[in-house]
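Here's the structure we're looking at; comments come further down.
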Amino acid sequence: MKAWYFTEMPYPHLPPLDTLSTMRVSLESKHFDPKIGADLYNRYLDEYMIADDAGLNMMVNEHHQTATCLDVAAPLSLAILARQTSKGEICILGNPVANRGDPLRIAEEMAMIDCISRGRLSAGFVRGVPYEIFAANTNPTQTVERLWEGIDLVQKAWTSHDEPFNFEGKFTQRRAVNIWPRPYQDPHPPIWLTGSSDFAGISRAASRGFVFATFLQPYEKVRQLFDAYRGSYRLNGQPGGGGTAFMPLVYVADTESEAEAGMKELLWYMAAKTEPQFRNPPGYVPVEFNVKALQGTFSGRTNAMRAQTLEFQREQGVVMYGTPDQVIAQIKRFYDLVGGFDHLLMMMQAGFLDHERTAQNIRRFAKDVYPAIKDLAGTKPLDLPIAAE
């Protein structure tokens, strides 16, 4: 199992949250102090370097018009890490190809970063979360099509070396595609995809050998998603996909009480406010998904889950905290409940969690937890039933 350090690079220095209606899309930029922001950017990059030095891999993402994520251009932070780190792998999870105008720009950026890092890159692609529909001014009913068309173009650009080619897509038409540079890895960096409800997309990702990742979901939901991914191996006649990945909030400390205090600070991320009109644009998810949500089906970032106790969230695997032995036990329990997985993505910093405790969290996990889970095997799809699309 590979372990990955992650932070969204938050800007928590806001007015009291009970005085705000939202932290996303329409929160006025007057609340951002560039001097504080400069300190935070450099601090967060330093913490990634601490993770690399401790023996962890590193993951970055991007979001827009939100105080929860200052990383508005993940390729920039990824390029910095490609140059300033040397041990761990680096992953972008991911490129919001459905919201960017030119997939070929993504292909070029990722190829350049793969070369700078000498082949340490994993290139993830994401559809984009609902509230970013407004920031990007995109059509929510088209994002799935745009995602897959963009991936098709990027992959073809990465693997076509003999002559230029034309691409005639629904959303992108290009002549004489011939990107420089080409990726360091042959044929290209591993591709990751995220998801929480699109089972047809999950099967498609597995059939292509992509890593499938899901975030902050209770174990029963994760088992359903991972089973759909694993089952598609047989449905598509594949020997196996690229693997599965899960992200909880993680805090490790010398005592359980200290870890609980740290976890309560990480939960700042879960409490982020978004006004209702930005949460679920019409057409973004299937009708049946909305029906299940109205029926109270638990999901990691729903109000139903946020209303539960911290202990309940730990039991579900959405958060993992405690002493090293307790966190090892929680990871292994979750691993067994979901049928195994290959990558543990860890949000280890959020909100006001300061640099000292973030660094302690990183180093404590790397020293006292990671060695005990590193040898956990990946999933074994052959014993699973065939998954339906």
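Lettering and numbering for the structure tokens are positional, with chains as A, B, ... in the shown order, residues counted from 1 in each chain, and ligands counted from 1 in the shown order.
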
Quick one: everything within 9 Å of range 154-159 of chain A, counting only C-alpha atoms, minus sequence neighbours fewer than 6 positions away in the same chain. Send it as a ChimeraX atom specification.
-> /A:103-108,111,165,177-179,182-183,186-188

Now that the selection is made, can you save its residues with N, CA and C atoms as a PDB file, in the first residue's frame?
```pdb
ATOM      1  N   PRO A 103      -7.562  20.574 -23.630  1.00  0.00           N
ATOM      2  CA  PRO A 103      -6.934  19.366 -23.079  1.00  0.00           C
ATOM      3  C   PRO A 103      -5.471  19.215 -23.468  1.00  0.00           C
ATOM      4  N   LEU A 104      -5.083  19.766 -24.630  1.00  0.00           N
ATOM      5  CA  LEU A 104      -3.684  19.620 -25.041  1.00  0.00           C
ATOM      6  C   LEU A 104      -2.750  20.394 -24.127  1.00  0.00           C
ATOM      7  N   ARG A 105      -3.225  21.487 -23.566  1.00  0.00           N
ATOM      8  CA  ARG A 105      -2.401  22.214 -22.601  1.00  0.00           C
ATOM      9  C   ARG A 105      -2.122  21.314 -21.389  1.00  0.00           C
ATOM     10  N   ILE A 106      -3.123  20.551 -20.962  1.00  0.00           N
ATOM     11  CA  ILE A 106      -2.942  19.605 -19.863  1.00  0.00           C
ATOM     12  C   ILE A 106      -1.913  18.549 -20.250  1.00  0.00           C
ATOM     13  N   ALA A 107      -2.018  18.021 -21.468  1.00  0.00           N
ATOM     14  CA  ALA A 107      -1.068  17.004 -21.922  1.00  0.00           C
ATOM     15  C   ALA A 107       0.362  17.529 -21.878  1.00  0.00           C
ATOM     16  N   GLU A 108       0.556  18.768 -22.328  1.00  0.00           N
ATOM     17  CA  GLU A 108       1.898  19.368 -22.317  1.00  0.00           C
ATOM     18  C   GLU A 108       2.395  19.595 -20.897  1.00  0.00           C
ATOM     19  N   ALA A 111       3.328  16.290 -19.231  1.00  0.00           N
ATOM     20  CA  ALA A 111       4.553  15.731 -19.809  1.00  0.00           C
ATOM     21  C   ALA A 111       5.789  16.474 -19.287  1.00  0.00           C
ATOM     22  N   PHE A 165      -1.329  14.318 -35.743  1.00  0.00           N
ATOM     23  CA  PHE A 165      -2.640  13.737 -36.033  1.00  0.00           C
ATOM     24  C   PHE A 165      -3.713  14.806 -35.848  1.00  0.00           C
ATOM     25  N   VAL A 177      -1.814  17.769 -34.243  1.00  0.00           N
ATOM     26  CA  VAL A 177      -1.434  17.602 -32.834  1.00  0.00           C
ATOM     27  C   VAL A 177      -0.092  16.870 -32.763  1.00  0.00           C
ATOM     28  N   ASN A 178       0.865  17.473 -32.078  1.00  0.00           N
ATOM     29  CA  ASN A 178       2.217  16.902 -32.029  1.00  0.00           C
ATOM     30  C   ASN A 178       2.937  17.523 -30.835  1.00  0.00           C
ATOM     31  N   ILE A 179       2.612  17.081 -29.621  1.00  0.00           N
ATOM     32  CA  ILE A 179       3.094  17.795 -28.433  1.00  0.00           C
ATOM     33  C   ILE A 179       4.578  17.539 -28.170  1.00  0.00           C
ATOM     34  N   ARG A 182       7.398  14.949 -24.754  1.00  0.00           N
ATOM     35  CA  ARG A 182       6.641  13.737 -24.489  1.00  0.00           C
ATOM     36  C   ARG A 182       6.910  13.321 -23.039  1.00  0.00           C
ATOM     37  N   PRO A 183       6.040  12.524 -22.429  1.00  0.00           N
ATOM     38  CA  PRO A 183       6.250  12.138 -21.026  1.00  0.00           C
ATOM     39  C   PRO A 183       7.539  11.341 -20.823  1.00  0.00           C
ATOM     40  N   ASP A 186       6.971   5.708 -20.064  1.00  0.00           N
ATOM     41  CA  ASP A 186       6.528   5.108 -21.308  1.00  0.00           C
ATOM     42  C   ASP A 186       5.466   4.041 -21.016  1.00  0.00           C
ATOM     43  N   PRO A 187       4.252   4.144 -21.587  1.00  0.00           N
ATOM     44  CA  PRO A 187       3.866   5.110 -22.630  1.00  0.00           C
ATOM     45  C   PRO A 187       3.453   6.476 -22.075  1.00  0.00           C
ATOM     46  N   HIS A 188       3.062   6.514 -20.778  1.00  0.00           N
ATOM     47  CA  HIS A 188       2.690   7.786 -20.167  1.00  0.00           C
ATOM     48  C   HIS A 188       2.548   7.583 -18.663  1.00  0.00           C
TER      49      HIS A 188
END
```

Would you list, as a PyMOL selection string, the residues of range 95-208 of chain A that end up in helix (DSSP H, G or I) under DSSP run on this structure's backbone?
-> chain A and resi 97-99+103-116+132-136+143-159+199-207

Would you mind telling me which residue in A:Ala176, A:Ala366, A:Ile202, A:Met347 lies nearest to Ala253 in chain A when using only C-alpha atoms?
->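 For Ala253 in chain A, the nearest of the candidates is A:Ala366.
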
Rows by chain and residue number, range 168-190 of chain A within 8 Å of range 114-125 of chain A, shortest pair, only C-alpha atoms, as CSV:
```
residue,atom,partner,partner_atom,distance
A:Pro183,CA,A:Asp114,CA,5.8
A:Tyr184,CA,A:Cys115,CA,4.9
A:Gln185,CA,A:Gly119,CA,5.4
A:Pro189,CA,A:Ser122,CA,5.4
A:Pro190,CA,A:Ser122,CA,4.9
```

Using only C-alpha atoms, which of A:Leu76, A:Leu216, A:Met305, A:Val319 sits nearest Lys264 in chain A?
->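 Among A:Leu76, A:Leu216, A:Met305, A:Val319, it is A:Val319 that comes nearest to Lys264 in chain A.
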
Write out as a PyMOL selection string each polymer residue whose atoms come within 7 Å of Leu193 in chain A, counting only C-alpha atoms; drop sequence neighbours fewer than 5 positions from it.
-> chain A and resi 124-126+205+210-213

Which polymer residues have any atom within 10 Å of an atom of Gly340 in chain A, counting only C-alpha atoms, with same-chain residues fewer than 5 positions away left out, as a list in words?
-> Met1, Arg223, Phe226, Gly243, Thr244, Ala245, Lys332, Arg333, Phe334, Tyr335, Leu376, Ala377, Gly378, Thr379 and Lys380 of chain A

For the selection just defined, write its residues with C-alpha atoms to a file, as a tab-separated table (two decimals), in the first residue's frame.
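What ended up in out.tsv:
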```tsv
chain	number	residue	atom	x	y	z
A	1	MET	CA	0.00	0.00	0.00
A	223	ARG	CA	-17.13	-1.24	-0.80
A	226	PHE	CA	-14.56	-0.71	-5.22
A	243	GLY	CA	-5.73	-0.02	-8.34
A	244	THR	CA	-8.02	1.66	-5.83
A	245	ALA	CA	-7.47	4.62	-3.53
A	332	LYS	CA	-6.57	-2.47	8.62
A	333	ARG	CA	-10.24	-2.69	9.64
A	334	PHE	CA	-11.27	-0.37	6.81
A	335	TYR	CA	-9.07	-2.34	4.41
A	376	LEU	CA	-0.87	-4.77	2.71
A	377	ALA	CA	-1.67	-6.37	-0.64
A	378	GLY	CA	-3.96	-4.78	-3.19
A	379	THR	CA	-7.36	-6.07	-4.22
A	380	LYS	CA	-8.01	-9.56	-5.57
```

A:Gly101, A:Pro75, A:Gly322, A:Gly88 ranked by distance to Asp52 in chain A, top pick (using only C-alpha atoms) = A:Gly88

Pick from A:Gln360, A:Thr274, A:Thr255, A:Thr309, whichever lies nearest to Val327 in chain A using only C-alpha atoms = A:Thr255

If DSSP is run on the backbone, what residues of range 219-361 of chain A are strand (DSSP E or B)? A reply as a PDB file with N, CA and C atoms, in the first residue's frame would be ideal.
```pdb
ATOM      1  N   GLY A 243      -5.682  -0.005  -9.798  1.00  0.00           N
ATOM      2  CA  GLY A 243      -5.734  -0.021  -8.342  1.00  0.00           C
ATOM      3  C   GLY A 243      -6.816   0.897  -7.815  1.00  0.00           C
ATOM      4  N   THR A 244      -6.996   0.861  -6.501  1.00  0.00           N
ATOM      5  CA  THR A 244      -8.016   1.659  -5.831  1.00  0.00           C
ATOM      6  C   THR A 244      -7.376   2.517  -4.756  1.00  0.00           C
ATOM      7  N   ALA A 245      -8.010   3.665  -4.493  1.00  0.00           N
ATOM      8  CA  ALA A 245      -7.466   4.622  -3.529  1.00  0.00           C
ATOM      9  C   ALA A 245      -8.608   5.217  -2.717  1.00  0.00           C
ATOM     10  N   PHE A 246      -8.326   5.467  -1.431  1.00  0.00           N
ATOM     11  CA  PHE A 246      -9.325   6.059  -0.544  1.00  0.00           C
ATOM     12  C   PHE A 246      -8.678   7.171   0.270  1.00  0.00           C
ATOM     13  N   MET A 247      -9.458   8.262   0.490  1.00  0.00           N
ATOM     14  CA  MET A 247      -8.956   9.363   1.301  1.00  0.00           C
ATOM     15  C   MET A 247      -9.844   9.634   2.499  1.00  0.00           C
ATOM     16  N   LEU A 249      -9.683  11.747   6.534  1.00  0.00           N
ATOM     17  CA  LEU A 249      -8.894  12.675   7.338  1.00  0.00           C
ATOM     18  C   LEU A 249      -8.093  11.847   8.337  1.00  0.00           C
ATOM     19  N   VAL A 250      -6.816  12.178   8.533  1.00  0.00           N
ATOM     20  CA  VAL A 250      -5.934  11.358   9.387  1.00  0.00           C
ATOM     21  C   VAL A 250      -5.173  12.243  10.362  1.00  0.00           C
ATOM     22  N   TYR A 251      -5.185  11.835  11.632  1.00  0.00           N
ATOM     23  CA  TYR A 251      -4.361  12.520  12.632  1.00  0.00           C
ATOM     24  C   TYR A 251      -3.817  11.483  13.619  1.00  0.00           C
ATOM     25  N   VAL A 252      -2.493  11.474  13.769  1.00  0.00           N
ATOM     26  CA  VAL A 252      -1.803  10.530  14.651  1.00  0.00           C
ATOM     27  C   VAL A 252      -1.085  11.316  15.744  1.00  0.00           C
ATOM     28  N   VAL A 319     -12.980   9.403   9.094  1.00  0.00           N
ATOM     29  CA  VAL A 319     -11.832   9.955   9.816  1.00  0.00           C
ATOM     30  C   VAL A 319     -11.093   8.815  10.493  1.00  0.00           C
ATOM     31  N   MET A 320      -9.786   8.957  10.612  1.00  0.00           N
ATOM     32  CA  MET A 320      -8.943   7.975  11.293  1.00  0.00           C
ATOM     33  C   MET A 320      -8.001   8.743  12.201  1.00  0.00           C
ATOM     34  N   TYR A 321      -8.095   8.512  13.491  1.00  0.00           N
ATOM     35  CA  TYR A 321      -7.260   9.257  14.428  1.00  0.00           C
ATOM     36  C   TYR A 321      -7.010   8.432  15.681  1.00  0.00           C
ATOM     37  N   GLY A 322      -5.927   8.789  16.384  1.00  0.00           N
ATOM     38  CA  GLY A 322      -5.590   8.106  17.620  1.00  0.00           C
ATOM     39  C   GLY A 322      -4.094   7.929  17.734  1.00  0.00           C
ATOM     40  N   HIS A 343      -4.045   2.403  -2.309  1.00  0.00           N
ATOM     41  CA  HIS A 343      -3.478   3.716  -2.005  1.00  0.00           C
ATOM     42  C   HIS A 343      -4.272   4.364  -0.878  1.00  0.00           C
ATOM     43  N   LEU A 344      -3.559   4.837   0.146  1.00  0.00           N
ATOM     44  CA  LEU A 344      -4.176   5.597   1.233  1.00  0.00           C
ATOM     45  C   LEU A 344      -3.802   7.061   1.034  1.00  0.00           C
ATOM     46  N   LEU A 345      -4.801   7.870   0.659  1.00  0.00           N
ATOM     47  CA  LEU A 345      -4.621   9.313   0.474  1.00  0.00           C
ATOM     48  C   LEU A 345      -5.051   9.993   1.766  1.00  0.00           C
ATOM     49  N   MET A 346      -4.207  10.796   2.360  1.00  0.00           N
ATOM     50  CA  MET A 346      -4.483  11.308   3.696  1.00  0.00           C
ATOM     51  C   MET A 346      -4.521  12.827   3.721  1.00  0.00           C
ATOM     52  N   MET A 347      -5.690  13.385   4.029  1.00  0.00           N
ATOM     53  CA  MET A 347      -5.745  14.812   4.325  1.00  0.00           C
ATOM     54  C   MET A 347      -5.280  14.974   5.764  1.00  0.00           C
ATOM     55  N   MET A 348      -4.090  15.539   5.936  1.00  0.00           N
ATOM     56  CA  MET A 348      -3.463  15.613   7.251  1.00  0.00           C
ATOM     57  C   MET A 348      -3.337  17.054   7.740  1.00  0.00           C
ATOM     58  N   GLN A 349      -3.851  17.981   6.977  1.00  0.00           N
ATOM     59  CA  GLN A 349      -3.845  19.385   7.381  1.00  0.00           C
ATOM     60  C   GLN A 349      -5.106  20.043   6.846  1.00  0.00           C
TER      61      GLN A 349
END
```

Show me, as CSV, the residues of range 112-212 of chain A having an atom within 9 Å of range 275-278 of chain A, each with the closest atom pair and its distance in Å, using only C-alpha atoms.
```
residue,atom,partner,partner_atom,distance
A:Pro130,CA,A:Phe278,CA,6.7
A:Tyr131,CA,A:Phe278,CA,4.8
A:Glu132,CA,A:Phe278,CA,8.2
A:Ile133,CA,A:Phe278,CA,8.2
A:Phe134,CA,A:Phe278,CA,7.5
```

Can you write just those residues out, N, CA and C atoms, as a PDB file, in the first residue's frame?
```
ATOM      1  N   PRO A 130     -19.498  20.130  -7.939  1.00  0.00           N
ATOM      2  CA  PRO A 130     -20.658  20.883  -8.438  1.00  0.00           C
ATOM      3  C   PRO A 130     -20.503  22.398  -8.394  1.00  0.00           C
ATOM      4  N   TYR A 131     -19.951  22.939  -7.292  1.00  0.00           N
ATOM      5  CA  TYR A 131     -19.925  24.397  -7.188  1.00  0.00           C
ATOM      6  C   TYR A 131     -18.982  25.040  -8.204  1.00  0.00           C
ATOM      7  N   GLU A 132     -18.089  24.263  -8.813  1.00  0.00           N
ATOM      8  CA  GLU A 132     -17.188  24.849  -9.791  1.00  0.00           C
ATOM      9  C   GLU A 132     -17.827  25.016 -11.166  1.00  0.00           C
ATOM     10  N   ILE A 133     -19.012  24.455 -11.334  1.00  0.00           N
ATOM     11  CA  ILE A 133     -19.769  24.716 -12.561  1.00  0.00           C
ATOM     12  C   ILE A 133     -19.953  26.222 -12.742  1.00  0.00           C
ATOM     13  N   PHE A 134     -20.201  26.921 -11.634  1.00  0.00           N
ATOM     14  CA  PHE A 134     -20.455  28.359 -11.689  1.00  0.00           C
ATOM     15  C   PHE A 134     -19.159  29.131 -11.928  1.00  0.00           C
TER      16      PHE A 134
END
```

Taking into account only C-alpha atoms, which residue in the set A:Leu353, A:Leu45, A:Ile362, A:Leu147 is nearest to Tyr269 in chain A?
-> A:Leu353

Selection: 10 Å around His355 in chain A, only C-alpha atoms, excl. self and same-chain fewer than 3 positions, as a list in words |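 Neighbouring residues, sequence-local ones excluded: Leu40, Arg43, Tyr44, Asp46, Glu47, Gln349, Phe352, Thr358, Ala359, Gln360 and Asn361 of chain A.
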
Generate the output file for the selected residues, N, CA and C atoms, as a short mmCIF file (atom, residue, chain, number, x, y, z; two decimals), in the first residue's frame.
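Contents of again.cif, freshly written:
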```
data_model
loop_
_atom_site.label_atom_id
_atom_site.label_comp_id
_atom_site.auth_asym_id
_atom_site.auth_seq_id
_atom_site.Cartn_x
_atom_site.Cartn_y
_atom_site.Cartn_z
N LEU A 40 1.09 31.33 3.83
CA LEU A 40 0.46 30.01 3.77
C LEU A 40 0.96 29.19 2.60
N ARG A 43 4.35 27.92 3.48
CA ARG A 43 4.25 26.93 4.54
C ARG A 43 3.74 25.59 4.02
N TYR A 44 2.69 25.62 3.20
CA TYR A 44 2.11 24.37 2.71
C TYR A 44 3.09 23.62 1.81
N ASP A 46 6.34 23.78 2.11
CA ASP A 46 7.32 23.23 3.05
C ASP A 46 6.83 21.92 3.65
N GLU A 47 5.55 21.84 3.94
CA GLU A 47 5.01 20.62 4.56
C GLU A 47 5.01 19.46 3.58
N GLN A 349 -3.85 17.98 6.98
CA GLN A 349 -3.84 19.39 7.38
C GLN A 349 -5.11 20.04 6.85
N PHE A 352 -7.18 25.57 10.82
CA PHE A 352 -6.17 26.27 11.62
C PHE A 352 -5.09 25.35 12.17
N THR A 358 1.10 19.89 12.20
CA THR A 358 1.03 19.22 10.90
C THR A 358 2.29 18.42 10.65
N ALA A 359 3.43 19.00 10.91
CA ALA A 359 4.70 18.29 10.73
C ALA A 359 4.79 17.08 11.66
N GLN A 360 4.33 17.24 12.90
CA GLN A 360 4.34 16.11 13.83
C GLN A 360 3.45 14.98 13.33
N ASN A 361 2.29 15.35 12.81
CA ASN A 361 1.35 14.37 12.28
C ASN A 361 1.98 13.59 11.13
#
```
